[in-house]
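Undergrad: Sending over a structure as structure tokens; questions will come in a sec.
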Amino acid sequence: MMINFIEKSKTILFDLLGKSEKSSDEELLNDIDAVRFVVLDTETTGFDYTTDRILCIGAIVLQNNTIPINGSFEVYIQQEHYDQATAKIHGILKEFVIDRPTELEALQQFLDFLGDSIIIAHHTIFDITMINKALERNGLPELKNKTLDTAVLYKKTLLVSNLLERKENYSLDELADKFDISKKDRHTAMGDAYITAIAFLKILNKLRERKEITLRQLFK
């Protein structure tokens with residue numbers, strides 16, 4: 001009885017979200033090239049989920065192994081909180097962009113661009129948590145999109161051997177060096193989103209060298 005109750009509750013929850021468990025599973029069976037991915041990065045005042053704020057969101061559409069010319073999004077957000085130490089990294093100053101939308105306006109623009117796409121980021125948990133905290137502050141629901149992390153996916157390309165040292169974590173700089181990706185615009189939201197998008201395509205190519213890869217396998 002308890003199992004039936006749980007399953008029934010799950011079905012109700014999916015119905016409320018406008019989805020079913022079946023349709024969610026079917027999404028993972030789609031051909032990777034047919035899926036609309038949105039690769040994103042955020043520049044923030046720091047790394048504290050509670051006190052720090054998003055200064056900029058950069059995002060790029062990735063579909064059918066290409067980045068459409070009009071498939072990008074960038075917004076600088078009006079914020080009062082700035083940190084001198086992190087400003088040296090991302091270079092975003094209070095006076096950098098005069099006309100900046102409020103956090104709520106920027107989030108609404110981003111959500112319109114994102115839609116129900118699968119999100120790709122490097123160390124996804126940080127960007128998604130920062131965005132969700134901003135959504136919460138503005139009375140909006142958390143993101144429900146599926147997510148992929150290039151830091152995790154990259155490890156799938158590595159050989160398993162006792163002779164090779166396998167790190168727990170790989171930085172975006174390491175992936176850029178490994179795949180010979182230019183770091184010219186590193187530490188800008190759009191620049192890092194672009195590096196992440198190219199790294200994702202390189203990872204897919206590596207995985208496909210071994211066997212045909214499906215979307216479902218990427219989430220395992």
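Simple scheme: letters A, B, ... for chains in structure tokens order, numbers from 1 for residues in each chain, numbers from 1 for ligands in the order shown.
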Check the DSSP output for the backbone and give back, as a ChimeraX atom specification, the residues of stretch 41-185 of chain A in strand (DSSP E).
TA: /A:41-44,54-62,72-76,118-121,147-149
Undergrad: Quick one: residues within 10 Å of stretch 64-76 of chain A, only C-alpha atoms, excluding same-chain residues fewer than 3 positions away - as a ChimeraX atom specification?
TA: /A:31-43,54-61,79,92,96-103,105-107,109-110,113-114,189-190,193-194,197-198,200-201,204
Undergrad: Can those selected residues be exported to a file as a tab-separated table (two decimals), in the first residue's frame so that it contains C-alpha atoms?
TA:
```tsv
chain	number	residue	atom	x	y	z
A	31	ASP	CA	19.10	11.56	-30.33
A	32	ILE	CA	21.76	13.83	-28.78
A	33	ASP	CA	21.96	15.94	-31.94
A	34	ALA	CA	18.22	16.69	-31.81
A	35	VAL	CA	18.33	18.00	-28.24
A	36	ARG	CA	18.57	21.71	-27.46
A	37	PHE	CA	21.31	22.27	-24.89
A	38	VAL	CA	22.00	25.60	-23.21
A	39	VAL	CA	25.59	25.96	-22.02
A	40	LEU	CA	25.84	28.58	-19.30
A	41	ASP	CA	28.18	30.32	-16.90
A	42	THR	CA	27.71	32.93	-14.22
A	43	GLU	CA	30.06	35.59	-12.94
A	54	ILE	CA	25.18	37.10	-9.78
A	55	LEU	CA	26.73	39.89	-11.82
A	56	CYS	CA	26.39	38.35	-15.26
A	57	ILE	CA	24.84	35.31	-16.95
A	58	GLY	CA	26.22	34.09	-20.26
A	59	ALA	CA	24.55	31.28	-22.19
A	60	ILE	CA	24.95	29.59	-25.58
A	61	VAL	CA	22.59	27.28	-27.47
A	79	GLN	CA	23.63	44.73	-8.06
A	92	ILE	CA	33.00	43.67	-13.76
A	96	PHE	CA	31.00	48.81	-16.23
A	97	VAL	CA	27.54	48.72	-17.84
A	98	ILE	CA	25.28	51.70	-17.32
A	99	ASP	CA	21.94	50.21	-18.34
A	100	ARG	CA	21.50	46.97	-16.41
A	101	PRO	CA	18.19	45.24	-15.66
A	102	THR	CA	17.13	44.36	-12.14
A	103	GLU	CA	17.74	40.84	-10.92
A	105	GLU	CA	14.09	41.34	-15.06
A	106	ALA	CA	17.34	39.54	-15.88
A	107	LEU	CA	16.03	36.24	-14.53
A	109	GLN	CA	14.89	37.18	-19.72
A	110	PHE	CA	17.11	34.20	-18.95
A	113	PHE	CA	15.89	32.02	-23.41
A	114	LEU	CA	16.43	28.77	-21.49
A	189	ALA	CA	30.41	34.55	-18.50
A	190	MET	CA	30.19	34.30	-22.30
A	193	ALA	CA	30.23	29.34	-21.61
A	194	TYR	CA	31.93	29.13	-25.02
A	197	ALA	CA	30.43	24.33	-25.08
A	198	ILE	CA	33.51	23.43	-27.14
A	200	PHE	CA	31.39	19.37	-24.32
A	201	LEU	CA	31.59	18.75	-28.08
A	204	LEU	CA	31.18	13.78	-27.07
```
Undergrad: Could you list, as number ranges by chain, every residue within 9 Å of stretch 150-156 of chain A, counting only C-alpha atoms and ignoring same-chain residues fewer than 4 positions away?
TA: A: 120-124, 166-172, 175, 196-197, 199-200, 203-204, 207, 218-219
Undergrad: As number ranges by chain, list the residues of stretch 102-178 of chain A assigned to alpha helix (DSSP H) by DSSP on the backbone atoms of this structure.
TA: A: 103-114, 124-137, 150-156, 172-178
Undergrad: Restricting the calculation to only C-alpha atoms: of A:Asp112, A:Asp149, A:Glu142, A:Glu174, which residue gets closest to A:Ile125?
TA: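 Smallest separation from A:Ile125 among the options: A:Asp149.
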Undergrad: Could you please determine the separation between atom CA of A:Glu212 and atom CA of A:Ile128 in Å, to one decimal place?
TA: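 These two atoms are separated by 29.1 Å.
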Undergrad: Measuring atom to atom with only C-alpha atoms, identify which of A:Ile195, A:Ala134, A:Ile77, A:Leu143 is nearest to A:Gly115.
TA: A:Leu143
